[in-house]
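A.B. asks: Compact mmCIF, C-alpha atoms, saved as my_file.txt, coming up:
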```txt
# COMPACT_ATOMS: atom_id res chain seq x y z
CA MET A 1 -14.27 13.44 4.75
CA GLY A 2 -15.61 11.49 1.78
CA VAL A 3 -18.83 9.57 1.86
CA LEU A 4 -18.55 6.43 3.96
CA LYS A 5 -21.13 3.77 3.30
CA SER A 6 -21.74 1.34 6.12
CA THR A 7 -22.28 -2.23 5.04
CA SER A 8 -22.92 -4.86 7.64
CA ILE A 9 -22.29 -8.33 6.29
CA LEU A 10 -23.31 -11.52 8.01
CA PHE A 11 -20.98 -13.95 6.38
CA SER A 12 -22.78 -17.11 7.41
CA ALA A 13 -25.06 -16.62 4.40
CA LEU A 14 -22.10 -16.12 2.05
CA VAL A 15 -19.88 -19.10 2.80
CA THR A 16 -18.43 -20.46 -0.41
CA GLY A 17 -17.59 -24.04 -1.23
CA SER A 18 -13.86 -23.37 -0.95
CA LEU A 19 -14.35 -22.48 2.71
CA MET A 20 -16.66 -25.31 3.68
CA VAL A 21 -14.01 -27.11 5.65
CA SER A 22 -14.82 -28.87 8.89
CA GLY A 23 -12.43 -28.28 11.72
CA SER A 24 -9.55 -25.80 11.75
CA ALA A 25 -5.79 -25.85 11.82
CA LEU A 26 -6.14 -23.77 14.97
CA ALA A 27 -7.93 -24.52 18.18
CA ALA A 28 -10.74 -22.06 18.91
CA GLU A 29 -9.07 -20.97 22.14
CA ASP A 30 -5.97 -19.96 20.17
CA VAL A 31 -7.95 -17.32 18.27
CA LYS A 32 -8.92 -14.50 20.62
CA LEU A 33 -11.06 -12.34 18.35
CA PRO A 34 -14.09 -10.32 19.38
CA LYS A 35 -17.45 -11.65 18.21
CA THR A 36 -17.71 -8.76 15.75
CA VAL A 37 -14.79 -7.15 13.91
CA ALA A 38 -15.29 -3.82 12.13
CA MET A 39 -12.93 -2.55 9.47
CA THR A 40 -12.70 -0.06 6.64
CA ALA A 41 -11.77 -1.09 3.10
CA TYR A 42 -11.89 0.03 -0.50
CA GLY A 43 -15.26 0.22 -2.28
CA THR A 44 -17.50 -2.75 -2.95
CA GLY A 45 -16.18 -3.32 -6.47
CA SER A 46 -12.55 -3.43 -5.43
CA GLY A 47 -10.23 -6.39 -5.04
CA GLY A 48 -9.50 -5.38 -1.46
CA TYR A 49 -13.17 -5.47 -0.51
CA THR A 50 -13.64 -8.87 -2.15
CA GLN A 51 -10.68 -10.25 -0.23
CA MET A 52 -12.07 -8.95 3.05
CA VAL A 53 -15.40 -10.65 2.32
CA SER A 54 -13.62 -13.97 1.74
CA ILE A 55 -11.59 -13.60 4.94
CA GLY A 56 -14.80 -12.70 6.76
CA ASN A 57 -16.31 -15.93 5.46
CA LEU A 58 -13.44 -17.86 7.00
CA LEU A 59 -13.75 -16.11 10.35
CA LYS A 60 -17.51 -16.71 10.50
CA ASN A 61 -17.33 -20.30 9.36
CA GLU A 62 -14.43 -21.38 11.58
CA TYR A 63 -14.60 -19.07 14.60
CA GLY A 64 -18.10 -17.59 14.74
CA VAL A 65 -16.76 -14.06 14.18
CA SER A 66 -18.88 -11.62 12.14
CA VAL A 67 -17.11 -8.96 10.12
CA ARG A 68 -18.54 -5.53 9.39
CA ILE A 69 -16.96 -3.72 6.45
CA LEU A 70 -17.17 0.04 5.96
CA PRO A 71 -16.31 0.79 2.32
CA GLY A 72 -14.54 4.14 1.94
CA GLU A 73 -14.45 6.07 -1.31
CA ASN A 74 -11.02 7.60 -0.72
CA ASP A 75 -7.96 7.37 1.51
CA VAL A 76 -9.20 9.87 4.06
CA SER A 77 -12.60 8.20 4.44
CA ARG A 78 -10.92 4.81 4.91
CA MET A 79 -8.43 6.04 7.51
CA THR A 80 -10.52 8.49 9.51
CA PRO A 81 -12.49 5.75 11.35
CA LEU A 82 -9.16 4.12 12.27
CA ARG A 83 -7.80 7.38 13.63
CA THR A 84 -10.94 8.12 15.65
CA GLY A 85 -11.23 4.59 17.05
CA ARG A 86 -14.47 3.79 15.25
CA VAL A 87 -12.80 0.68 13.78
CA PRO A 88 -9.70 -1.20 14.95
CA MET A 89 -8.45 -2.11 11.47
CA CYS A 90 -8.23 -0.84 7.90
CA ALA A 91 -7.66 -2.82 4.70
CA CYS A 92 -5.88 0.17 3.22
CA GLY A 93 -3.63 0.99 0.30
CA ILE A 94 -0.28 2.78 0.17
CA ALA A 95 -1.89 5.78 1.87
CA SER A 96 -1.31 3.90 5.11
CA TYR A 97 2.40 4.55 4.57
CA TYR A 98 1.77 8.21 3.81
CA GLY A 99 -0.28 8.36 7.01
CA SER A 100 2.48 6.84 9.10
CA GLU A 101 4.89 9.41 7.65
CA GLY A 102 2.53 12.39 8.03
CA VAL A 103 2.98 13.50 4.42
CA LEU A 104 0.93 14.47 1.36
CA MET A 105 -2.75 14.57 2.38
CA PHE A 106 -1.71 13.73 5.97
CA ALA A 107 0.54 16.79 6.36
CA SER A 108 -2.53 18.87 7.24
CA LYS A 109 -3.51 20.24 10.66
CA GLU A 110 -6.18 17.54 11.04
CA TRP A 111 -3.78 14.62 10.63
CA GLY A 112 -0.04 14.45 11.14
CA PRO A 113 1.92 11.18 11.46
CA GLN A 114 -0.22 8.24 12.55
CA PRO A 115 0.91 5.33 14.81
CA ILE A 116 0.04 2.75 12.15
CA ARG A 117 1.23 -0.85 12.40
CA VAL A 118 0.99 -3.70 9.88
CA ILE A 119 -0.96 -6.88 10.60
CA ALA A 120 -0.55 -8.52 7.19
CA THR A 121 -0.24 -7.63 3.52
CA SER A 122 -1.12 -9.21 0.20
CA THR A 123 1.48 -9.30 -2.55
CA ALA A 124 -0.03 -11.28 -5.39
CA SER A 125 0.72 -11.92 -9.07
CA PHE A 126 -0.05 -8.40 -10.30
CA GLY A 127 2.30 -5.45 -10.32
CA LEU A 128 2.18 -1.66 -10.23
CA GLY A 129 3.90 0.01 -13.06
CA LEU A 130 4.14 2.54 -15.83
CA ALA A 131 2.06 1.32 -18.75
CA VAL A 132 3.64 2.58 -21.98
CA ALA A 133 2.10 2.68 -25.44
CA GLY A 134 3.12 -0.50 -27.19
CA ASP A 135 3.93 1.23 -30.49
CA LEU A 136 7.01 2.86 -28.92
CA ASP A 137 10.45 1.30 -28.57
CA VAL A 138 10.59 1.58 -24.78
CA LYS A 139 12.36 -1.35 -23.15
CA THR A 140 13.44 0.29 -19.86
CA PRO A 141 12.49 3.52 -18.06
CA ALA A 142 15.62 5.19 -19.48
CA ASP A 143 14.00 4.96 -22.93
CA LEU A 144 11.29 7.40 -21.80
CA LYS A 145 13.61 10.38 -22.24
CA GLY A 146 11.82 12.99 -24.34
CA ARG A 147 8.53 11.05 -24.29
CA LYS A 148 5.13 12.38 -23.25
CA VAL A 149 4.52 11.30 -19.64
CA SER A 150 1.19 11.64 -17.83
CA TYR A 151 0.82 13.71 -14.66
CA ILE A 152 -2.48 13.61 -12.74
CA ARG A 153 -3.49 16.79 -10.96
CA GLY A 154 -4.09 16.09 -7.26
CA ASP A 155 -3.02 12.42 -7.36
CA ASP A 156 0.18 12.21 -5.31
CA ALA A 157 0.39 8.42 -5.20
CA ASN A 158 0.20 7.90 -8.97
CA ASN A 159 2.56 10.77 -9.72
CA LEU A 160 5.11 9.45 -7.24
CA GLY A 161 4.88 6.05 -8.91
CA THR A 162 5.65 7.62 -12.27
CA GLU A 163 8.46 9.71 -10.77
CA ALA A 164 9.95 6.58 -9.21
CA TYR A 165 9.99 4.76 -12.54
CA LEU A 166 11.64 7.75 -14.19
CA ALA A 167 14.24 7.81 -11.41
CA PHE A 168 15.05 4.15 -12.05
CA GLY A 169 16.07 5.20 -15.56
CA GLY A 170 18.08 8.17 -14.30
CA LEU A 171 15.39 10.62 -15.42
CA THR A 172 13.31 13.36 -13.80
CA TRP A 173 10.24 15.28 -14.93
CA ASP A 174 12.65 17.72 -16.61
CA ASP A 175 13.75 14.95 -19.00
CA VAL A 176 10.27 14.24 -20.35
CA GLU A 177 7.30 16.15 -21.68
CA LYS A 178 4.86 16.35 -18.77
CA VAL A 179 1.23 16.07 -19.91
CA GLU A 180 -1.33 16.96 -17.24
CA PHE A 181 -4.68 15.22 -16.89
CA PRO A 182 -7.59 15.83 -14.48
CA GLY A 183 -7.96 12.19 -13.43
CA TYR A 184 -6.62 8.64 -13.55
CA ALA A 185 -8.89 7.25 -16.28
CA ARG A 186 -8.17 10.24 -18.49
CA THR A 187 -4.48 9.33 -18.64
CA PHE A 188 -5.40 6.13 -20.47
CA ASP A 189 -7.74 8.00 -22.79
CA GLY A 190 -4.80 10.30 -23.47
CA VAL A 191 -2.45 7.43 -24.31
CA VAL A 192 -4.97 5.87 -26.70
CA ALA A 193 -5.50 9.27 -28.36
CA GLY A 194 -1.78 9.92 -28.68
CA GLN A 195 -1.78 12.85 -26.24
CA SER A 196 0.53 10.96 -23.86
CA ASP A 197 2.70 7.87 -23.93
CA THR A 198 2.36 6.59 -20.34
CA ALA A 199 -0.09 5.94 -17.51
CA PHE A 200 0.71 4.61 -14.05
CA THR A 201 -1.55 1.76 -12.90
CA MET A 202 -2.04 -1.65 -11.38
CA THR A 203 -1.28 -4.13 -14.16
CA VAL A 204 -4.68 -5.86 -14.15
CA THR A 205 -7.04 -2.88 -14.23
CA PRO A 206 -9.76 -2.62 -16.91
CA VAL A 207 -8.21 0.57 -18.30
CA ALA A 208 -4.88 -1.23 -18.77
CA GLN A 209 -6.73 -4.02 -20.57
CA GLN A 210 -8.42 -1.45 -22.79
CA LEU A 211 -5.08 0.10 -23.70
CA ALA A 212 -3.70 -3.35 -24.50
CA ALA A 213 -6.64 -3.91 -26.88
CA SER A 214 -6.26 -0.50 -28.54
CA PRO A 215 -4.32 0.13 -31.77
CA ARG A 216 -1.36 1.42 -29.73
CA GLY A 217 -1.15 -1.65 -27.51
CA ILE A 218 0.68 -1.77 -24.18
CA ASN A 219 4.21 -2.30 -22.94
CA TRP A 220 5.70 -2.54 -19.45
CA PRO A 221 9.32 -1.26 -19.15
CA THR A 222 11.64 -3.73 -17.45
CA LEU A 223 13.15 -2.99 -14.04
CA ASP A 224 16.28 -5.13 -13.84
CA PRO A 225 16.46 -6.55 -10.28
CA ASN A 226 20.27 -6.53 -10.55
CA ASP A 227 20.44 -2.81 -11.33
CA LYS A 228 21.30 -1.70 -7.80
CA GLU A 229 21.82 1.94 -8.73
CA GLY A 230 18.47 2.04 -10.53
CA TRP A 231 16.68 0.54 -7.55
CA ASP A 232 18.45 2.91 -5.16
CA ARG A 233 17.20 5.85 -7.22
CA LEU A 234 13.67 4.45 -7.39
CA LYS A 235 13.48 3.78 -3.66
CA ALA A 236 14.80 7.25 -2.85
CA VAL A 237 11.54 8.49 -4.39
CA ALA A 238 9.19 5.69 -3.31
CA PRO A 239 10.76 3.24 -0.82
CA TYR A 240 7.60 1.12 -0.62
CA PHE A 241 8.22 -0.50 -4.03
CA GLN A 242 9.83 -3.91 -4.29
CA SER A 243 11.09 -5.92 -7.25
CA HIS A 244 8.48 -8.39 -8.47
CA LYS A 245 8.01 -11.00 -11.17
CA VAL A 246 4.58 -10.08 -12.50
CA THR A 247 2.55 -12.83 -14.16
CA SER A 248 -0.83 -11.05 -14.24
CA ALA A 249 -0.78 -7.98 -16.46
CA ALA A 250 -2.62 -6.53 -19.43
CA GLY A 251 -0.88 -7.63 -22.62
CA LEU A 252 0.86 -10.63 -21.09
CA GLY A 253 0.08 -14.01 -22.58
CA GLU A 254 -0.31 -17.19 -20.58
CA GLY A 255 3.01 -18.23 -19.09
CA GLU A 256 4.62 -14.83 -19.77
CA MET A 257 6.25 -12.70 -17.10
CA TRP A 258 7.17 -9.04 -16.67
CA GLN A 259 10.10 -8.15 -14.41
CA GLY A 260 8.75 -5.06 -12.74
CA ALA A 261 7.72 -3.78 -9.34
CA THR A 262 4.88 -3.82 -6.89
CA TYR A 263 3.88 -2.98 -3.37
CA PRO A 264 1.30 -4.75 -1.22
CA TYR A 265 -2.43 -4.28 -1.67
CA PRO A 266 -4.35 -4.34 0.51
CA ILE A 267 -2.33 -3.53 3.61
CA LEU A 268 -4.10 -4.62 6.81
CA VAL A 269 -3.21 -2.12 9.50
CA SER A 270 -4.24 -1.13 13.00
CA ASN A 271 -2.94 1.43 15.45
CA ALA A 272 0.00 0.65 17.73
CA ASP A 273 -2.22 0.89 20.83
CA GLU A 274 -4.76 -1.68 19.56
CA LYS A 275 -4.57 -4.25 22.40
CA SER A 276 -7.66 -6.42 21.90
CA GLY A 277 -5.69 -9.36 20.53
CA LEU A 278 -7.06 -8.73 17.03
CA ALA A 279 -3.68 -8.27 15.36
CA GLY A 280 -2.06 -11.39 16.81
CA SER A 281 -5.06 -13.64 16.27
CA LEU A 282 -5.78 -12.40 12.76
CA VAL A 283 -2.25 -12.91 11.48
CA LYS A 284 -2.32 -16.39 13.02
CA VAL A 285 -5.53 -17.21 11.14
CA LEU A 286 -4.22 -15.79 7.85
CA ILE A 287 -1.02 -17.82 8.04
CA GLU A 288 -2.26 -21.09 9.54
CA ASP A 289 -5.63 -21.25 7.78
CA TYR A 290 -4.19 -20.03 4.49
CA ASP A 291 -5.20 -23.13 2.51
CA LYS A 292 -8.84 -22.54 3.45
CA PHE A 293 -9.17 -19.10 1.84
CA LYS A 294 -6.30 -18.78 -0.68
CA ASP A 295 -8.56 -19.50 -3.67
CA ALA A 296 -11.68 -17.72 -2.38
CA ALA A 297 -10.88 -14.34 -3.96
CA PRO A 298 -8.39 -12.94 -6.49
CA GLY A 299 -5.24 -11.83 -4.70
CA ASN A 300 -5.70 -14.02 -1.61
CA ALA A 301 -2.56 -15.98 -2.53
CA GLY A 302 -0.67 -12.83 -1.56
CA TYR A 303 -1.27 -13.51 2.17
CA ALA A 304 1.02 -16.58 2.16
CA LEU A 305 3.85 -16.41 4.66
CA GLU A 306 6.46 -16.40 1.89
CA ASN A 307 4.80 -13.32 0.37
CA GLN A 308 5.11 -11.20 3.53
CA ASN A 309 7.83 -8.57 3.23
CA MET A 310 9.44 -8.81 6.65
CA GLN A 311 11.48 -5.61 6.23
CA TRP A 312 9.10 -3.14 4.60
CA VAL A 313 8.38 0.56 5.34
CA ILE A 314 5.78 0.35 8.14
CA PRO A 315 6.51 -1.48 11.42
CA PHE A 316 4.57 -4.58 12.38
CA HIS A 317 2.14 -4.56 15.27
CA ASP A 318 3.76 -5.89 18.46
CA GLU A 319 1.36 -8.86 18.54
CA VAL A 320 2.39 -9.77 14.99
CA VAL A 321 6.06 -9.67 15.94
CA ALA A 322 5.30 -11.94 18.90
CA TYR A 323 3.56 -14.41 16.58
CA TYR A 324 6.44 -14.52 14.09
CA LYS A 325 8.84 -15.10 16.98
CA GLU A 326 6.60 -17.90 18.23
CA ILE A 327 6.74 -19.75 14.90
CA GLY A 328 10.46 -19.12 14.42
CA HIS A 329 10.01 -16.73 11.51
CA TRP A 330 11.88 -13.77 13.02
CA THR A 331 15.55 -12.86 12.84
CA ASP A 332 17.88 -10.38 14.53
CA GLU A 333 18.01 -8.47 11.23
CA MET A 334 14.22 -8.22 11.16
CA GLN A 335 14.19 -7.01 14.75
CA ALA A 336 16.77 -4.32 14.00
CA HIS A 337 14.68 -3.14 11.05
CA GLN A 338 11.52 -3.16 13.18
CA ASP A 339 13.24 -1.17 15.93
CA ARG A 340 14.40 1.43 13.43
CA LEU A 341 10.89 1.86 12.01
CA VAL A 342 9.38 2.18 15.49
CA GLU A 343 12.06 4.75 16.34
CA ARG A 344 11.17 6.64 13.15
CA GLN A 345 7.48 6.73 14.10
CA GLY A 346 8.42 8.01 17.55
CA ILE A 347 10.57 10.80 16.09
CA LEU A 348 7.78 11.84 13.73
CA GLN A 349 5.13 11.94 16.46
CA LYS A 350 7.39 13.81 18.88
CA THR A 351 8.27 16.33 16.16
CA TRP A 352 4.59 16.77 15.25
CA LYS A 353 3.69 17.43 18.89
CA ALA A 354 6.44 20.04 19.24
CA TYR A 355 5.51 21.68 15.94
CA THR A 356 1.76 21.89 16.55
CA GLU A 357 2.24 23.17 20.12
CA GLY A 358 4.78 25.76 19.02
CA ASN A 359 2.42 28.29 17.44
CA PRO A 360 2.58 27.10 13.81
CA PRO A 361 1.25 29.23 10.92
CA GLU A 362 -2.52 29.48 10.50
CA ASP A 363 -2.33 29.42 6.71
CA ASP A 364 -2.72 25.83 5.49
CA GLU A 365 0.09 25.94 2.93
CA ALA A 366 2.47 27.65 5.34
CA PHE A 367 1.55 25.11 8.02
CA ARG A 368 2.31 22.24 5.68
CA LYS A 369 5.62 23.77 4.56
CA GLY A 370 6.72 24.36 8.15
CA TRP A 371 5.82 20.82 9.15
CA MET A 372 7.66 19.25 6.22
CA GLU A 373 10.77 21.26 7.06
CA ALA A 374 10.60 20.32 10.77
CA ARG A 375 9.97 16.68 9.83
CA ALA A 376 12.94 16.50 7.45
CA LYS A 377 15.27 18.18 9.95
CA ALA A 378 14.32 15.76 12.75
CA LEU A 379 14.72 12.66 10.59
CA GLU A 380 18.05 13.79 9.14
CA ALA A 381 19.34 14.47 12.67
CA ALA A 382 18.63 10.81 13.42
CA GLY A 383 20.41 9.68 10.26
CA MET A 384 17.16 8.81 8.47
CA ASN A 385 16.08 9.66 4.93
CA PRO A 386 13.05 12.03 5.02
CA VAL A 387 12.02 10.74 1.53
CA PHE A 388 9.37 13.47 1.32
CA ARG A 389 10.22 17.19 1.45
```
Could I get this structure in the form of structure tokens?

C.D. replies:
Amino acid sequence: MGVLKSTSILFSALVTGSLMVSGSALAAEDVKLPKTVAMTAYGTGSGGYTQMVSIGNLLKNEYGVSVRILPGENDVSRMTPLRTGRVPMCACGIASYYGSEGVLMFASKEWGPQPIRVIATSTASFGLGLAVAGDLDVKTPADLKGRKVSYIRGDDANNLGTEAYLAFGGLTWDDVEKVEFPGYARTFDGVVAGQSDTAFTMTVTPVAQQLAASPRGINWPTLDPNDKEGWDRLKAVAPYFQSHKVTSAAGLGEGEMWQGATYPYPILVSNADEKSGLAGSLVKVLIEDYDKFKDAAPGNAGYALENQNMQWVIPFHDEVVAYYKEIGHWTDEMQAHQDRLVERQGILQKTWKAYTEGNPPEDDEAFRKGWMEARAKALEAAGMNPVFR
């Protein structure tokens, strides 16, 4: 497990002017939160951490709830306290989806599929995409054929993002020149130096800004929202992406837009058996007190009700479903989708139990291979796409 720094924050000393609002849209008795809420999040310099601080301000100011944030340096260190019950909630990234599926770093003996449920997500003005050197004539992912494309050793999430963009254009790694790098930042150094032509990233990162300011410049290939076949190919690789009109991106001028893709960040999750009332009360606060914190941190606008993807890849917590039903924001179609995701989690956990109790291989790689095969077979038997193999 990576280093986990414990930071206890008493938000009463940090209340900003944007949150100095007397009274609340909710009555205090409608918010049944414990006096202290602990959670894990990205590191202290991240957007996710800043958002959690601003939400903590709101909870302290309006409801007398203190929030304790444990910044984790990597996916495992953020999710381990959730798995062990040390915290009831994580402001995680897309690794929460990998955890719920029991794949990639979670296909090991120590993990397996996790019973993760969504409380809320933030989908703001930024996107996640394949930054391409601006001195190339690349308008869509299909134009990357034969180009030099970055691959990061040991970084499954970024490589899957790149693979998904290639798939949108009908390409695979065999159609491009794969250029391997030891880390994320090095891919951008490689693009600037001409060693590669692409780097997968969030559109507002400093490294993307640096590429935009370099002699090569930056370009974001368009993902046509009406290209159903392209989107089907992309989602077969990475189903957590969604079409998005991006207005915050390196290289975009004021008022400009890039038609690309994104997925939520952060993703507020808890375990399915979290029954303290945290999930239901927190989503209620985020939706009904939205005006009180939407401008308190970059990305907070992403928590608006209209920005919640009601049919995404991880099921909602039962208390969250109950809240959406209560406010009339729940349909039969949403319920069918939710039921299917819950069924999927059940199949994965049942399959994991049978596999781990059935004398699996001791060797780590053989264990992982056996699990991935058992997982795929069980999902396909239920008519579900394994996605990962």

A.B. asks: Just the residues within 9 Å of Ala164 in chain A, please, counting all atoms listed in the file, with nothing from its chain fewer than 5 positions along; format it as a list in words.

C.D. replies: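 That gives Asn159, Gly169, Thr172, Arg233, Leu234, Lys235, Ala236, Val237, Ala238 and Phe241 of chain A.
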
A.B. asks: Work out how far apart CA of Val176 in chain A and CA of Ser214 in chain A are and give it in Å to one decimal.

C.D. replies: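 Spanning CA of Val176 in chain A to CA of Ser214 in chain A is a straight-line distance of 23.6 Å.
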
A.B. asks: Using CA of Ala91 in chain A and CA of Val283 in chain A as the two end points, give the distance in Å to one decimal.

C.D. replies: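 Between CA of Ala91 in chain A and CA of Val283 in chain A the gap works out to 13.3 Å.
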
A.B. asks: Do you know which residues are at most 10 Å from Leu278 in chain A counting only C-alpha atoms, after dropping those on the same chain fewer than 6 positions away, and could you put them as a PyMOL selection string?

C.D. replies: chain A and resi 31-34+37+88-89+119+270+284+319-320

A.B. asks: Give as a PyMOL selection string the set of residues within 12 Å of the point (15.5, -11.3, 13.5), where distances use the file's coordinates and all atoms listed in the file.

C.D. replies: chain A and resi 310-311+321-322+324-325+328-339

A.B. asks: A:Leu59, A:Leu268, A:Val76, A:Ile287: which is nearest Met39 in chain A, counting all atoms listed in the file?

C.D. replies: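 Using all atoms listed in the file, the shortest distance to Met39 in chain A belongs to A:Leu268.
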
A.B. asks: Please compute the CA of Leu128 in chain A-CA of Glu380 in chain A distance, one decimal, in Å.

C.D. replies: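 Between CA of Leu128 in chain A and CA of Glu380 in chain A the gap is 29.4 Å.
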
A.B. asks: Which residues are close to Leu26 in chain A, i.e. within 10 Å by only C-alpha atoms, leaving aside same-chain residues fewer than 5 positions away? Reply as a tab-separated table (two decimals) with C-alpha atoms, in the frame of the given file.

C.D. replies:
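Output saved as part_13.tsv:
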```
chain	number	residue	atom	x	y	z
A	31	VAL	CA	-7.95	-17.32	18.27
A	62	GLU	CA	-14.43	-21.38	11.58
A	63	TYR	CA	-14.60	-19.07	14.60
A	284	LYS	CA	-2.32	-16.39	13.02
A	285	VAL	CA	-5.53	-17.21	11.14
A	288	GLU	CA	-2.26	-21.09	9.54
A	289	ASP	CA	-5.63	-21.25	7.78
```

A.B. asks: Of the candidates A:Thr40, A:Thr50, A:Ala124, A:Val103, which one gets nearest to Gly72 in chain A if we count all atoms listed in the file?

C.D. replies: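 Once distances to Gly72 in chain A are computed over all atoms listed in the file, the minimum belongs to A:Thr40.
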
A.B. asks: Applying 8 Å and all atoms listed in the file, which residues near Pro386 in chain A remain after dropping the ones on its own chain fewer than 4 positions away? List them as a compact mmCIF listing (two decimals) with C-alpha atoms, in the coordinates of the input.

C.D. replies:
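Output saved as selection34.txt:
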```txt
# COMPACT_ATOMS: atom_id res chain seq x y z
CA ARG A 375 9.97 16.68 9.83
CA ALA A 376 12.94 16.50 7.45
CA LEU A 379 14.72 12.66 10.59
CA GLU A 380 18.05 13.79 9.14
```

A.B. asks: So which one's closest to Gln51 in chain A, A:Thr140, A:Gln308, A:Thr262, A:Asn300? Using all atoms listed in the file, please.

C.D. replies: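 Among the listed residues, A:Asn300 lies closest to Gln51 in chain A.
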
A.B. asks: So, counting only C-alpha atoms, which residue among A:Asp224, A:Gly302, A:Asn307, A:Glu274 is closest to Arg86 in chain A?

C.D. replies: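 Comparing A:Asp224, A:Gly302, A:Asn307, A:Glu274 against Arg86 in chain A, the winner is A:Glu274.
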
A.B. asks: Rank nothing, just name the residue among A:Tyr263, A:Leu252, A:Pro215, A:Gly112 nearest to Ala354 in chain A, using all atoms listed in the file.

C.D. replies: A:Gly112

A.B. asks: Just checking: using only C-alpha atoms, which residue out of A:Ala382, A:Ile94, A:Ala41, A:Ile55 ends up closest to Glu73 in chain A?

C.D. replies: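 Comparing A:Ala382, A:Ile94, A:Ala41, A:Ile55 against Glu73 in chain A, the winner is A:Ala41.
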
A.B. asks: Which polymer residues, protein or nucleic acid, are no farther than 7 Å from (3.0, -0.5, -25.1), counting only C-alpha atoms, as a VMD selection string?

C.D. replies: chain A and resid 131 to 136 216 to 220

A.B. asks: Could you add whatever atoms are missing so that range 207-212 of chain A carries all heavy atoms, then write the result as a compact mmCIF listing (two decimals), in the frame of the given file?

C.D. replies:
```
# COMPACT_ATOMS: atom_id res chain seq x y z
N VAL A 207 -8.75 -0.44 -17.38
CA VAL A 207 -8.21 0.57 -18.30
C VAL A 207 -6.90 0.10 -18.93
O VAL A 207 -6.62 0.42 -20.10
CB VAL A 207 -8.02 1.93 -17.59
CG1 VAL A 207 -9.34 2.63 -17.41
CG2 VAL A 207 -7.28 1.77 -16.27
N ALA A 208 -6.10 -0.66 -18.19
CA ALA A 208 -4.88 -1.23 -18.77
C ALA A 208 -5.24 -2.26 -19.84
O ALA A 208 -4.59 -2.34 -20.90
CB ALA A 208 -4.02 -1.86 -17.68
N GLN A 209 -6.27 -3.05 -19.58
CA GLN A 209 -6.73 -4.02 -20.57
C GLN A 209 -7.23 -3.32 -21.83
O GLN A 209 -7.00 -3.78 -22.95
CB GLN A 209 -7.83 -4.89 -19.97
CG GLN A 209 -7.45 -5.69 -18.73
CD GLN A 209 -6.54 -6.87 -19.03
OE1 GLN A 209 -6.26 -7.18 -20.18
NE2 GLN A 209 -6.07 -7.53 -17.97
N GLN A 210 -7.91 -2.21 -21.65
CA GLN A 210 -8.42 -1.45 -22.79
C GLN A 210 -7.29 -0.89 -23.63
O GLN A 210 -7.35 -0.89 -24.86
CB GLN A 210 -9.35 -0.34 -22.30
CG GLN A 210 -10.67 -0.84 -21.74
CD GLN A 210 -11.42 0.22 -20.94
OE1 GLN A 210 -11.08 1.40 -21.00
NE2 GLN A 210 -12.42 -0.20 -20.19
N LEU A 211 -6.23 -0.39 -22.96
CA LEU A 211 -5.08 0.10 -23.70
C LEU A 211 -4.42 -1.04 -24.48
O LEU A 211 -4.03 -0.86 -25.64
CB LEU A 211 -4.07 0.75 -22.74
CG LEU A 211 -2.76 1.22 -23.38
CD1 LEU A 211 -3.01 2.23 -24.49
CD2 LEU A 211 -1.83 1.81 -22.32
N ALA A 212 -4.31 -2.20 -23.84
CA ALA A 212 -3.70 -3.35 -24.50
C ALA A 212 -4.47 -3.73 -25.77
O ALA A 212 -3.88 -4.18 -26.77
CB ALA A 212 -3.63 -4.54 -23.55
```
